[in-house]
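File shown: query-v8.txt. Contents: compact mmCIF, C-alpha atoms.
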# COMPACT_ATOMS: atom_id res chain seq x y z
CA MET R 133 143.51 119.54 177.03
CA ILE R 134 141.43 119.75 173.82
CA THR R 135 138.57 117.92 175.53
CA TYR R 136 138.81 120.34 178.41
CA ILE R 137 138.66 123.43 176.16
CA ASN R 138 135.77 121.85 174.27
CA ARG R 139 133.91 121.52 177.57
CA ILE R 140 134.34 125.26 178.25
CA ASN R 141 133.22 126.07 174.71
CA ASP R 142 130.16 123.83 175.11
CA ILE R 143 129.18 125.69 178.28
CA LEU R 144 129.57 129.07 176.60
CA GLU R 145 127.64 127.87 173.56
CA LYS R 146 124.73 126.95 175.85
CA VAL R 147 124.53 130.55 176.99
CA GLN R 148 124.49 132.03 173.52
CA GLU R 149 121.67 129.64 172.64
CA SER R 150 119.68 130.93 175.67
CA ARG R 151 119.97 127.62 177.51
CA ASN R 152 120.43 127.64 181.28
CA LEU R 153 123.78 126.77 182.80
CA SER R 154 123.85 124.06 185.44
CA PRO R 155 125.51 124.75 188.81
CA ASP R 156 128.38 122.47 187.72
CA ASP R 157 128.79 124.58 184.56
CA GLY R 158 129.02 127.72 186.66
CA VAL R 159 131.55 126.23 189.07
CA MET R 160 133.69 125.04 186.20
CA LEU R 161 133.78 128.53 184.69
CA LEU R 162 134.64 130.11 188.06
CA ASN R 163 137.48 127.65 188.64
CA GLN R 164 139.39 128.74 185.53
CA THR R 165 142.81 130.19 186.32
CA GLU R 166 144.34 130.52 182.84
CA GLN R 167 144.22 134.13 181.68
CA GLU R 168 143.34 133.12 178.11
CA VAL R 169 140.39 130.99 179.22
CA ARG R 170 139.15 133.71 181.55
CA ALA R 171 139.32 136.18 178.67
CA ILE R 172 137.13 133.90 176.54
CA ILE R 173 134.58 133.71 179.38
CA GLY R 174 134.63 137.51 179.65
CA GLN R 175 134.10 137.90 175.92
CA SER R 176 131.14 135.52 176.05
CA ALA R 177 129.58 137.53 178.89
CA ASP R 178 130.14 140.76 176.98
CA LYS R 179 128.49 139.26 173.91
CA LEU R 180 125.51 138.13 176.00
CA ARG R 181 125.24 141.59 177.57
CA GLN R 182 125.12 143.15 174.13
CA LYS R 183 122.43 140.70 173.05
CA GLN R 184 120.30 141.20 176.18
CA VAL R 185 120.52 144.94 176.80
CA GLY R 186 122.55 146.48 174.00
CA ASP R 187 125.65 148.68 174.14
CA ARG R 188 124.21 151.66 175.99
CA VAL R 189 125.55 152.06 179.55
CA THR R 190 123.18 153.50 182.12
CA TYR R 191 123.77 155.45 185.33
CA VAL R 192 121.64 156.97 188.09
CA ILE R 193 122.03 160.26 189.95
CA ASN R 194 121.59 159.28 193.56
CA ARG R 195 122.73 160.05 197.08
CA ASN R 196 123.49 157.68 199.93
CA ILE R 197 122.34 158.63 203.40
CA ASN R 198 123.64 156.38 206.18
CA PHE R 199 121.50 157.67 209.03
CA THR R 200 123.40 155.96 211.85
CA ASN R 201 126.33 153.62 212.39
CA ILE R 202 125.25 152.65 215.90
CA CYS R 203 124.53 148.92 215.59
CA GLU R 204 123.79 146.02 217.89
CA GLN R 205 125.47 143.50 215.57
CA HIS R 206 129.15 142.66 215.11
CA CYS R 207 129.70 141.44 211.54
CA ASN R 208 133.27 140.31 210.93
CA PHE R 209 133.62 142.27 207.68
CA CYS R 210 132.20 145.57 208.99
CA ALA R 211 134.32 148.58 209.90
CA PHE R 212 131.26 150.87 209.83
CA ARG R 213 129.46 149.92 213.06
CA ARG R 214 129.98 151.64 216.40
CA ASP R 215 128.52 151.32 219.88
CA GLU R 216 126.57 154.27 221.24
CA GLY R 217 128.99 156.79 222.76
CA GLU R 218 132.00 155.25 220.99
CA ASP R 219 134.37 157.53 219.11
CA GLY R 220 133.12 157.93 215.54
CA ALA R 221 129.53 156.97 216.32
CA PHE R 222 126.87 159.09 214.64
CA TRP R 223 123.08 159.33 214.43
CA LEU R 224 121.69 161.92 212.05
CA THR R 225 118.93 164.29 213.09
CA ARG R 226 115.88 164.99 210.94
CA HIS R 227 117.42 168.37 210.02
CA GLN R 228 120.67 166.72 208.88
CA ILE R 229 118.76 164.22 206.73
CA ILE R 230 116.78 167.05 205.09
CA GLU R 231 120.03 168.93 204.44
CA LYS R 232 121.53 165.92 202.66
CA ALA R 233 118.36 165.32 200.63
CA THR R 234 118.24 169.01 199.68
CA ASP R 235 121.83 168.80 198.45
CA ALA R 236 120.91 165.74 196.39
CA VAL R 237 117.96 167.50 194.76
CA GLU R 238 120.15 170.50 193.93
CA LYS R 239 122.48 168.07 192.14
CA LYS R 240 119.51 166.66 190.18
CA ALA R 241 119.34 163.34 192.02
CA THR R 242 116.33 161.12 191.36
CA GLU R 243 117.07 158.66 194.18
CA ILE R 244 117.94 158.62 197.86
CA CYS R 245 119.43 155.34 199.10
CA MET R 246 119.09 155.12 202.88
CA GLN R 247 120.43 152.43 205.20
CA GLY R 248 121.88 152.38 208.70
CA GLY R 249 123.00 150.33 211.64
CA LEU R 250 120.55 148.44 213.84
CA ASN R 251 120.13 150.84 216.72
CA PRO R 252 117.78 149.54 219.45
CA GLN R 253 117.35 153.12 220.71
CA ALA R 254 115.93 154.25 217.36
CA LYS R 255 112.29 154.39 218.42
CA LEU R 256 109.39 156.86 218.51
CA GLN R 257 106.66 156.37 221.10
CA GLY R 258 108.47 153.17 221.99
CA LYS R 259 108.20 151.68 218.48
CA SER R 260 110.93 151.03 215.92
CA LEU R 261 108.46 151.11 213.04
CA ASN R 262 107.42 154.64 213.99
CA TYR R 263 111.04 155.77 213.77
CA TYR R 264 111.60 154.17 210.36
CA GLN R 265 108.34 155.54 209.04
CA GLU R 266 109.45 159.00 210.09
CA LEU R 267 112.71 158.51 208.16
CA VAL R 268 110.60 157.82 205.07
CA THR R 269 108.15 160.69 205.56
CA THR R 270 110.94 163.12 206.44
CA ILE R 271 112.21 162.79 202.86
CA LYS R 272 108.99 162.10 200.97
CA GLN R 273 106.99 164.99 202.41
CA GLU R 274 109.76 167.42 201.54
CA PHE R 275 110.74 165.86 198.20
CA PRO R 276 107.92 163.63 196.91
CA GLN R 277 109.63 163.37 193.51
CA LEU R 278 112.60 161.45 194.96
CA HIS R 279 112.61 157.67 194.72
CA LEU R 280 113.35 156.32 198.20
CA HIS R 281 115.43 153.15 198.01
CA ALA R 282 115.86 152.05 201.60
CA PHE R 283 116.10 149.37 204.29
CA SER R 284 117.62 145.96 203.69
CA PRO R 285 115.92 142.69 204.69
CA GLN R 286 118.04 142.81 207.84
CA GLU R 287 116.45 146.14 208.79
CA ILE R 288 112.97 144.78 208.06
CA GLN R 289 113.65 141.80 210.35
CA PHE R 290 115.04 144.11 213.05
CA ILE R 291 111.93 146.33 213.05
CA ALA R 292 109.64 143.28 213.08
CA ARG R 293 111.53 141.74 216.00
CA GLU R 294 111.64 144.96 218.02
CA ASP R 295 107.90 145.62 217.60
CA ASN R 296 106.67 142.02 217.49
CA LEU R 297 105.27 142.46 213.98
CA SER R 298 105.24 140.27 210.89
CA TYR R 299 107.62 141.09 208.05
CA GLY R 300 104.62 141.82 205.88
CA ASP R 301 103.24 144.33 208.40
CA VAL R 302 106.54 146.20 208.35
CA ILE R 303 106.91 146.25 204.56
CA ILE R 304 103.30 147.37 204.03
CA ALA R 305 103.63 150.18 206.59
CA LEU R 306 106.87 151.45 205.05
CA ARG R 307 105.51 151.10 201.51
CA ASP R 308 102.39 153.05 202.42
CA SER R 309 104.54 155.74 204.06
CA GLY R 310 106.43 156.25 200.80
CA LEU R 311 109.13 153.58 200.52
CA ASP R 312 109.63 152.91 196.79
CA SER R 313 112.12 150.03 196.70
CA MET R 314 114.50 148.03 198.90
CA PRO R 315 118.22 147.29 198.49
CA GLY R 316 119.06 143.60 198.41
CA THR R 317 121.96 144.09 200.77
CA ALA R 318 122.59 141.95 203.88
CA ALA R 319 122.62 139.02 201.45
CA GLU R 320 126.41 138.72 201.82
CA VAL R 321 126.67 135.08 200.65
CA LEU R 322 123.44 133.09 200.80
CA ASP R 323 125.05 130.14 202.53
CA ASN R 324 124.53 129.65 206.26
CA LYS R 325 127.93 128.04 206.75
CA VAL R 326 129.60 131.19 205.43
CA ARG R 327 127.22 133.46 207.34
CA ARG R 328 128.06 131.77 210.65
CA VAL R 329 131.63 132.97 210.16
CA ILE R 330 131.28 136.43 208.59
CA CYS R 331 127.98 137.63 210.10
CA PRO R 332 126.83 135.21 212.81
CA GLU R 333 124.28 137.67 214.28
CA LYS R 334 122.63 138.45 210.97
CA ILE R 335 119.50 136.92 209.49
CA ASN R 336 119.97 133.52 207.88
CA THR R 337 119.64 132.72 204.19
CA GLU R 338 116.04 131.57 204.46
CA THR R 339 114.89 134.77 206.17
CA TRP R 340 116.64 136.98 203.60
CA LEU R 341 114.94 135.09 200.77
CA GLU R 342 111.57 135.20 202.54
CA ILE R 343 111.66 138.96 203.06
CA ILE R 344 112.79 139.74 199.51
CA SER R 345 110.08 137.53 197.99
CA LEU R 346 107.49 139.05 200.32
CA ALA R 347 108.54 142.54 199.20
CA HIS R 348 108.00 141.53 195.58
CA SER R 349 104.55 140.16 196.36
CA LEU R 350 103.67 143.44 198.08
CA GLY R 351 104.78 145.57 195.15
CA VAL R 352 108.19 146.68 196.45
CA PRO R 353 111.03 146.13 193.94
CA THR R 354 114.46 145.09 195.23
CA THR R 355 118.00 144.85 194.03
CA SER R 356 120.26 141.83 194.62
CA THR R 357 123.89 141.67 195.76
CA MET R 358 126.72 139.33 196.68
CA LEU R 359 129.58 140.11 199.07
CA CYS R 360 132.38 138.18 197.39
CA GLY R 361 136.09 137.48 197.64
CA HIS R 362 136.49 136.48 201.29
CA ILE R 363 136.03 132.90 202.60
CA GLU R 364 133.37 131.65 200.18
CA ASN R 365 134.21 129.14 197.44
CA SER R 366 133.02 128.93 193.85
CA ARG R 367 130.29 126.41 194.68
CA GLN R 368 128.87 128.75 197.31
CA GLN R 369 128.99 131.65 194.86
CA ILE R 370 127.03 129.67 192.29
CA ASN R 371 124.51 128.51 194.88
CA HIS R 372 124.00 132.17 195.79
CA LEU R 373 123.25 132.98 192.13
CA MET R 374 120.95 129.95 191.93
CA GLN R 375 118.85 131.26 194.80
CA LEU R 376 118.60 134.70 193.20
CA LYS R 377 117.40 133.06 189.98
CA GLN R 378 114.78 131.13 191.91
CA LEU R 379 113.59 134.30 193.63
CA GLN R 380 113.15 136.01 190.28
CA LYS R 381 111.36 132.98 188.83
CA ILE R 382 108.93 133.01 191.75
CA ALA R 383 108.15 136.69 191.16
CA ILE R 384 107.60 136.15 187.44
CA GLU R 385 105.63 132.89 187.66
CA ASN R 386 103.35 134.31 190.35
CA ASP R 387 102.94 137.59 188.47
CA TYR R 388 104.08 139.60 191.48
CA PRO R 389 103.86 143.37 190.98
CA ALA R 390 107.61 143.75 191.64
CA LYS R 391 110.86 141.82 191.20
CA ILE R 392 114.66 142.12 191.30
CA THR R 393 115.84 145.08 189.22
CA GLU R 394 119.61 144.50 189.18
CA PHE R 395 122.55 142.44 190.44
CA ILE R 396 125.59 144.05 192.07
CA LEU R 397 128.84 142.35 193.08
CA LEU R 398 130.35 143.78 196.27
CA PRO R 399 133.97 142.60 196.61
CA PHE R 400 135.28 142.36 200.17
CA VAL R 401 137.48 145.27 201.30
CA GLY R 402 139.52 144.25 204.33
CA GLN R 403 141.95 147.09 205.02
CA ASP R 404 140.15 148.38 208.11
CA ALA R 405 137.75 145.48 208.66
CA PRO R 406 137.87 143.50 211.93
CA LYS R 407 141.14 141.58 212.22
CA SER R 408 139.64 138.11 212.49
CA LEU R 409 138.29 138.06 208.95
CA ARG R 410 140.97 140.32 207.48
CA ASN R 411 143.72 138.00 208.69
CA ARG R 412 141.85 134.96 207.41
CA VAL R 413 141.38 136.49 203.96
CA GLY R 414 144.95 137.77 203.90
CA ARG R 415 144.59 140.96 201.82
CA ASP R 416 143.24 144.46 202.10
CA GLN R 417 141.76 145.14 198.66
CA PRO R 418 139.77 143.05 196.16
CA ILE R 419 141.54 141.06 193.44
CA LEU R 420 140.19 142.71 190.30
CA GLU R 421 140.81 139.72 188.03
CA ASP R 422 138.74 137.43 190.27
CA THR R 423 135.98 140.03 190.54
CA LEU R 424 135.83 140.36 186.76
CA LEU R 425 135.57 136.58 186.29
CA LEU R 426 132.71 136.42 188.78
CA THR R 427 131.11 139.42 187.04
CA ALA R 428 131.18 137.53 183.74
CA VAL R 429 129.92 134.25 185.19
CA SER R 430 127.11 136.10 187.00
CA ARG R 431 125.89 137.50 183.68
CA LEU R 432 126.14 134.08 182.02
CA PHE R 433 124.46 132.25 184.88
CA LEU R 434 121.62 134.66 185.69
CA GLY R 435 120.78 134.98 181.99
CA GLU R 436 117.65 136.87 181.01
CA LEU R 437 116.12 136.66 184.49
CA ILE R 438 118.22 139.53 185.88
CA PRO R 439 119.55 141.47 182.87
CA ASN R 440 120.93 144.55 184.65
CA HIS R 441 124.39 144.15 186.17
CA GLN R 442 126.32 146.84 188.01
CA PRO R 443 129.88 146.97 189.40
CA SER R 444 130.83 148.80 192.60
CA TRP R 445 133.21 151.62 191.70
CA VAL R 446 133.50 152.35 195.42
CA LYS R 447 135.09 148.94 195.95
CA ILE R 448 137.10 148.42 192.74
CA GLY R 449 137.64 152.02 191.64
CA LEU R 450 136.49 153.68 188.44
CA HIS R 451 139.12 151.80 186.44
CA GLY R 452 137.79 148.49 187.75
CA ALA R 453 134.20 149.53 187.03
CA LYS R 454 135.16 150.38 183.44
CA GLU R 455 136.73 146.94 183.07
CA ALA R 456 133.56 145.35 184.47
CA LEU R 457 131.62 147.01 181.64
CA LYS R 458 133.68 144.80 179.31
CA TRP R 459 132.91 141.67 181.37
CA GLY R 460 129.13 141.70 181.35
CA CYS R 461 127.98 144.85 183.18
CA ASN R 462 125.62 147.30 181.49
CA ASP R 463 125.29 149.91 184.25
CA ILE R 464 128.00 151.91 185.98
CA GLY R 465 125.98 152.67 189.10
CA GLY R 466 125.27 155.98 190.78
CA THR R 467 126.92 159.20 191.84
CA LEU R 468 126.41 158.26 195.54
CA MET R 469 127.65 161.70 196.74
CA GLU R 470 128.47 160.20 200.13
CA GLU R 471 129.41 156.69 201.21
CA HIS R 472 130.52 155.51 204.65
CA ILE R 473 130.15 151.74 204.88
CA THR R 474 132.76 150.72 202.30
CA THR R 475 134.99 153.76 202.78
CA MET R 476 135.33 153.04 206.50
CA ALA R 477 136.52 149.55 205.57
CA GLY R 478 139.44 151.10 203.69
CA ALA R 479 138.17 151.21 200.11
CA THR R 480 140.07 153.56 197.80
CA GLY R 481 137.40 154.13 195.13
CA GLY R 482 136.11 157.36 196.69
CA THR R 483 132.66 158.41 197.85
CA TYR R 484 131.39 160.65 195.05
CA MET R 485 131.46 160.38 191.28
CA ALA R 486 130.34 163.39 189.26
CA VAL R 487 127.94 162.71 186.39
CA GLU R 488 130.48 164.02 183.89
CA THR R 489 133.13 161.63 185.26
CA LEU R 490 130.80 158.66 184.81
CA ARG R 491 129.92 159.80 181.29
CA GLU R 492 133.56 160.25 180.31
CA ALA R 493 134.39 156.78 181.64
CA ILE R 494 131.62 155.28 179.50
CA LYS R 495 132.60 157.31 176.42
CA SER R 496 136.21 156.14 176.75
CA LEU R 497 134.96 152.61 176.04
CA GLY R 498 133.26 153.72 172.84
CA ARG R 499 129.83 153.14 174.37
CA SER R 500 126.90 155.55 174.66
CA TYR R 501 125.47 156.61 178.04
CA GLN R 502 121.96 157.25 179.32
CA GLN R 503 120.63 158.42 182.66
CA ARG R 504 118.05 156.10 184.25
CA ASN R 505 115.93 156.01 187.35
CA THR R 506 116.10 153.39 190.10
CA LEU R 507 113.81 151.00 188.20
CA TYR R 508 115.88 151.22 185.01
CA GLU R 509 113.43 153.44 183.18
CA LEU R 510 115.42 155.71 180.85
CA LEU R 511 115.28 159.43 181.51
Could I get this file's structure written as structure tokens?
Amino acid sequence: MITYINRINDILEKVQESRNLSPDDGVMLLNQTEQEVRAIIGQSADKLRQKQVGDRVTYVINRNINFTNICEQHCNFCAFRRDEGEDGAFWLTRHQIIEKATDAVEKKATEICMQGGLNPQAKLQGKSLNYYQELVTTIKQEFPQLHLHAFSPQEIQFIAREDNLSYGDVIIALRDSGLDSMPGTAAEVLDNKVRRVICPEKINTETWLEIISLAHSLGVPTTSTMLCGHIENSRQQINHLMQLKQLQKIAIENDYPAKITEFILLPFVGQDAPKSLRNRVGRDQPILEDTLLLTAVSRLFLGELIPNHQPSWVKIGLHGAKEALKWGCNDIGGTLMEEHITTMAGATGGTYMAVETLREAIKSLGRSYQQRNTLYELL
């Protein structure tokens, strides 16, 4: 037992000395079940967070706009998608998008985050790219000051496939239309064995990595995410983190004009998800203790390469997000104002968090708060 505890302490000592953890180190930390050992791992992550980014907790005033839930794909975790004409299906008009952006600006938002289903009918003059470019210009022409954070690698691949374009062509066109950064969603778990079960129609791991790296080389920053707590194991979680580290190393070593700005854990919410995966997972809501352990290990494993870590208050509630700030996170996320994808899966965290609520949550931990923009520049 003493040898075993010494092994954990040796791993944690590596981190504090700025040495990289091996995949085996990461798996060993994730496989800990004793509450006392988990607490030590959390404390180590919190200490590293303080060393890397200090005690100040950041937040962003942003608004989500999900422009359609009509989607050709059938992911086994998704309660958001609908077929055209199905009850609950929606597809926002240009006027509705402007209304939502106007509301965001009135609430002092600096960012619009925009994503939607893969709707083959979403075309202008027969081209998908034209439609997506109009989504960008609809917001940027009206509100040029807003940072537009939009379109996952899956959406980039969809546009390229529909119009027979290269990924680079699509990213350049959207960038030049006013796209400022891309969300690193659709990553789910970067393991093709897992993806064949939870999202068999989605892009594979290699394509996700290719598109994110290409975005960096073309000057478009991205975030990074992991959909966790379903069928994946600890080895697959660590391999996911390994691939994110490698992506960031490529961006830095090649002096790309952009890179990954943050890492966000997205715990699986199964309450209203398709039955096949929900039954296999066997629960409706995330297990907070497991999410916190993975939060801590993510900070320890990613190290200085990706220093900004954010919980999802939509998925684990504000209480869970506050706990995550003690387990390695330094950012509490955004106001969102509207959120459909997770809420339609049965999440109980809500869809809007007022700035004052976020500030009070941070203050209750004895930490200071600071508004930021999408790229983590302090405002």
### Residue nearest Lys495 (chain R) - candidates R:Leu510, R:Leu161, R:Ile464, R:Ile438, atoms counted: all atoms listed in the file
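Closest to Lys495 (chain R) of all the choices is R:Ile464.
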### Message
(116.6, 155.3, 195.7) in this file's frame - what residues fall within 9 Å of it? Use all atoms listed in the file and give the answer as a ChimeraX atom specification.
### Response
/R:194-196,242-246,278-282,312-315,505-506
With C-alpha atoms retained, could you export that selection as a short mmCIF file (atom, residue, chain, number, x, y, z; two decimals), keeping the file's coordinate frame?
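Below is the file result.cif, written as the result:
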data_model
loop_
_atom_site.label_atom_id
_atom_site.label_comp_id
_atom_site.auth_asym_id
_atom_site.auth_seq_id
_atom_site.Cartn_x
_atom_site.Cartn_y
_atom_site.Cartn_z
CA ASN R 194 121.59 159.28 193.56
CA ARG R 195 122.73 160.05 197.08
CA ASN R 196 123.49 157.68 199.93
CA THR R 242 116.33 161.12 191.36
CA GLU R 243 117.07 158.66 194.18
CA ILE R 244 117.94 158.62 197.86
CA CYS R 245 119.43 155.34 199.10
CA MET R 246 119.09 155.12 202.88
CA LEU R 278 112.60 161.45 194.96
CA HIS R 279 112.61 157.67 194.72
CA LEU R 280 113.35 156.32 198.20
CA HIS R 281 115.43 153.15 198.01
CA ALA R 282 115.86 152.05 201.60
CA ASP R 312 109.63 152.91 196.79
CA SER R 313 112.12 150.03 196.70
CA MET R 314 114.50 148.03 198.90
CA PRO R 315 118.22 147.29 198.49
CA ASN R 505 115.93 156.01 187.35
CA THR R 506 116.10 153.39 190.10
#
### Task
For region 423-429 of chain R, list every protein, DNA or RNA residue within 6 Å, evaluated using only C-alpha atoms, and leave out those in the same chain fewer than 5 positions away; present the list as a ChimeraX atom specification.
/R:174,177,456,459-460
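Here CA of Gln380 (chain R) is placed at a distance of 25.2 Å from CA of Ala453 (chain R).
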### Query
Looking at R:Gln265, R:Thr337, R:Thr317, R:Ser349, which one is nearest to Glu394 (chain R), with distances taken over all atoms listed in the file?
R:Thr317
### Minimum-distance residue to Gly158 (chain R), chosen among R:Asn371, R:Gln273, R:Ile384, R:Leu457 (using all atoms listed in the file)
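For Gly158 (chain R), the nearest of the given residues is R:Asn371.
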### Query
How many Å separate CA of Gly452 (chain R) from CA of Ala171 (chain R)?
15.4 Å
### Query
Using all atoms listed in the file, which residue out of R:Ile303, R:Gln375, R:Ser366, R:Ala318 lies closest to Leu346 (chain R)?
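So, comparing all the options, the nearest one is R:Ile303.
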### Message
Can you pull out the residues contacting Pro155 (chain R)? Cut-off 8 Å, using only C-alpha atoms, and skip same-chain residues under 5 positions away; I want them as a ChimeraX atom specification.
### Response
/R:367,370-371,374
### Message
Taking all atoms listed in the file into account, name the residue in R:Met469, R:Cys360, R:Ile288, R:Leu432 that is nearest to Val321 (chain R).
### Response
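Counting all atoms listed in the file, the residue closest to Val321 (chain R) is R:Cys360.
Note that the spacing between CA of Ala292 (chain R) and CA of Lys325 (chain R) amounts to 24.6 Å.
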### Message
Nearest residue to Gln182 (chain R) out of R:Leu398, R:Met160, R:Ala319, R:Cys461, using only C-alpha atoms?
### Response
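Once distances to Gln182 (chain R) are computed over only C-alpha atoms, the minimum belongs to R:Cys461.
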### Task
Please return, as a list in words, all polymer residues that have at least one atom within 12 Å of the point (119.5, 169.0, 197.3); use all atoms listed in the file and the file's own coordinate frame.
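Using all atoms listed in the file, the matching residues come out as Ile193, Asn194, Arg195, Gln228, Ile229, Ile230, Glu231, Lys232, Ala233, Thr234, Asp235, Ala236, Val237, Glu238, Lys239, Lys240, Ala241, Thr242, Glu243, Ile244, Ile271, Glu274, Phe275, Gln277, Leu278 and Met469 of chain R.
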Model the absent atoms of region 144-160 of chain R so that N, CA, C and O atoms are present, and write the result as an mmCIF file, in the frame of the given file.
data_model
loop_
_atom_site.group_PDB
_atom_site.id
_atom_site.type_symbol
_atom_site.label_atom_id
_atom_site.label_comp_id
_atom_site.auth_asym_id
_atom_site.auth_seq_id
_atom_site.Cartn_x
_atom_site.Cartn_y
_atom_site.Cartn_z
ATOM 1 N N LEU R 144 129.799 127.715 177.120
ATOM 2 C CA LEU R 144 129.570 129.070 176.600
ATOM 3 C C LEU R 144 128.590 129.061 175.436
ATOM 4 O O LEU R 144 127.833 130.019 175.236
ATOM 5 N N GLU R 145 128.594 127.985 174.670
ATOM 6 C CA GLU R 145 127.640 127.870 173.560
ATOM 7 C C GLU R 145 126.210 127.753 174.084
ATOM 8 O O GLU R 145 125.269 128.296 173.508
ATOM 9 N N LYS R 146 126.043 127.054 175.210
ATOM 10 C CA LYS R 146 124.730 126.950 175.850
ATOM 11 C C LYS R 146 124.140 128.333 176.091
ATOM 12 O O LYS R 146 122.973 128.589 175.837
ATOM 13 N N VAL R 147 124.987 129.210 176.624
ATOM 14 C CA VAL R 147 124.530 130.550 176.990
ATOM 15 C C VAL R 147 124.059 131.311 175.765
ATOM 16 O O VAL R 147 122.991 131.928 175.765
ATOM 17 N N GLN R 148 124.847 131.265 174.713
ATOM 18 C CA GLN R 148 124.490 132.030 173.520
ATOM 19 C C GLN R 148 123.232 131.474 172.851
ATOM 20 O O GLN R 148 122.563 132.178 172.100
ATOM 21 N N GLU R 149 122.896 130.241 173.168
ATOM 22 C CA GLU R 149 121.670 129.640 172.640
ATOM 23 C C GLU R 149 120.508 129.787 173.642
ATOM 24 O O GLU R 149 119.470 129.142 173.495
ATOM 25 N N SER R 150 120.710 130.623 174.657
ATOM 26 C CA SER R 150 119.680 130.930 175.670
ATOM 27 C C SER R 150 119.276 129.705 176.481
ATOM 28 O O SER R 150 118.146 129.614 176.967
ATOM 29 N N ARG R 151 120.212 128.766 176.635
ATOM 30 C CA ARG R 151 119.970 127.620 177.510
ATOM 31 C C ARG R 151 120.575 127.908 178.883
ATOM 32 O O ARG R 151 121.589 128.586 179.003
ATOM 33 N N ASN R 152 119.951 127.397 179.924
ATOM 34 C CA ASN R 152 120.430 127.640 181.280
ATOM 35 C C ASN R 152 121.696 126.856 181.579
ATOM 36 O O ASN R 152 121.826 125.689 181.165
ATOM 37 N N LEU R 153 122.601 127.478 182.317
ATOM 38 C CA LEU R 153 123.780 126.770 182.800
ATOM 39 C C LEU R 153 123.408 125.978 184.048
ATOM 40 O O LEU R 153 122.593 126.414 184.855
ATOM 41 N N SER R 154 124.020 124.827 184.216
ATOM 42 C CA SER R 154 123.850 124.060 185.440
ATOM 43 C C SER R 154 124.807 124.618 186.498
ATOM 44 O O SER R 154 125.786 125.304 186.165
ATOM 45 N N PRO R 155 124.553 124.323 187.775
ATOM 46 C CA PRO R 155 125.510 124.750 188.810
ATOM 47 C C PRO R 155 126.923 124.237 188.522
ATOM 48 O O PRO R 155 127.900 124.967 188.744
ATOM 49 N N ASP R 156 127.054 123.006 188.036
ATOM 50 C CA ASP R 156 128.380 122.470 187.720
ATOM 51 C C ASP R 156 129.045 123.281 186.604
ATOM 52 O O ASP R 156 130.265 123.497 186.623
ATOM 53 N N ASP R 157 128.247 123.720 185.626
ATOM 54 C CA ASP R 157 128.790 124.580 184.560
ATOM 55 C C ASP R 157 129.370 125.855 185.166
ATOM 56 O O ASP R 157 130.480 126.279 184.829
ATOM 57 N N GLY R 158 128.576 126.473 186.049
ATOM 58 C CA GLY R 158 129.020 127.720 186.660
ATOM 59 C C GLY R 158 130.282 127.550 187.475
ATOM 60 O O GLY R 158 131.204 128.375 187.392
ATOM 61 N N VAL R 159 130.355 126.482 188.255
ATOM 62 C CA VAL R 159 131.550 126.230 189.070
ATOM 63 C C VAL R 159 132.759 126.012 188.182
ATOM 64 O O VAL R 159 133.857 126.533 188.465
ATOM 65 N N MET R 160 132.561 125.294 187.106
ATOM 66 C CA MET R 160 133.690 125.040 186.200
ATOM 67 C C MET R 160 134.227 126.349 185.622
ATOM 68 O O MET R 160 135.443 126.562 185.552
#
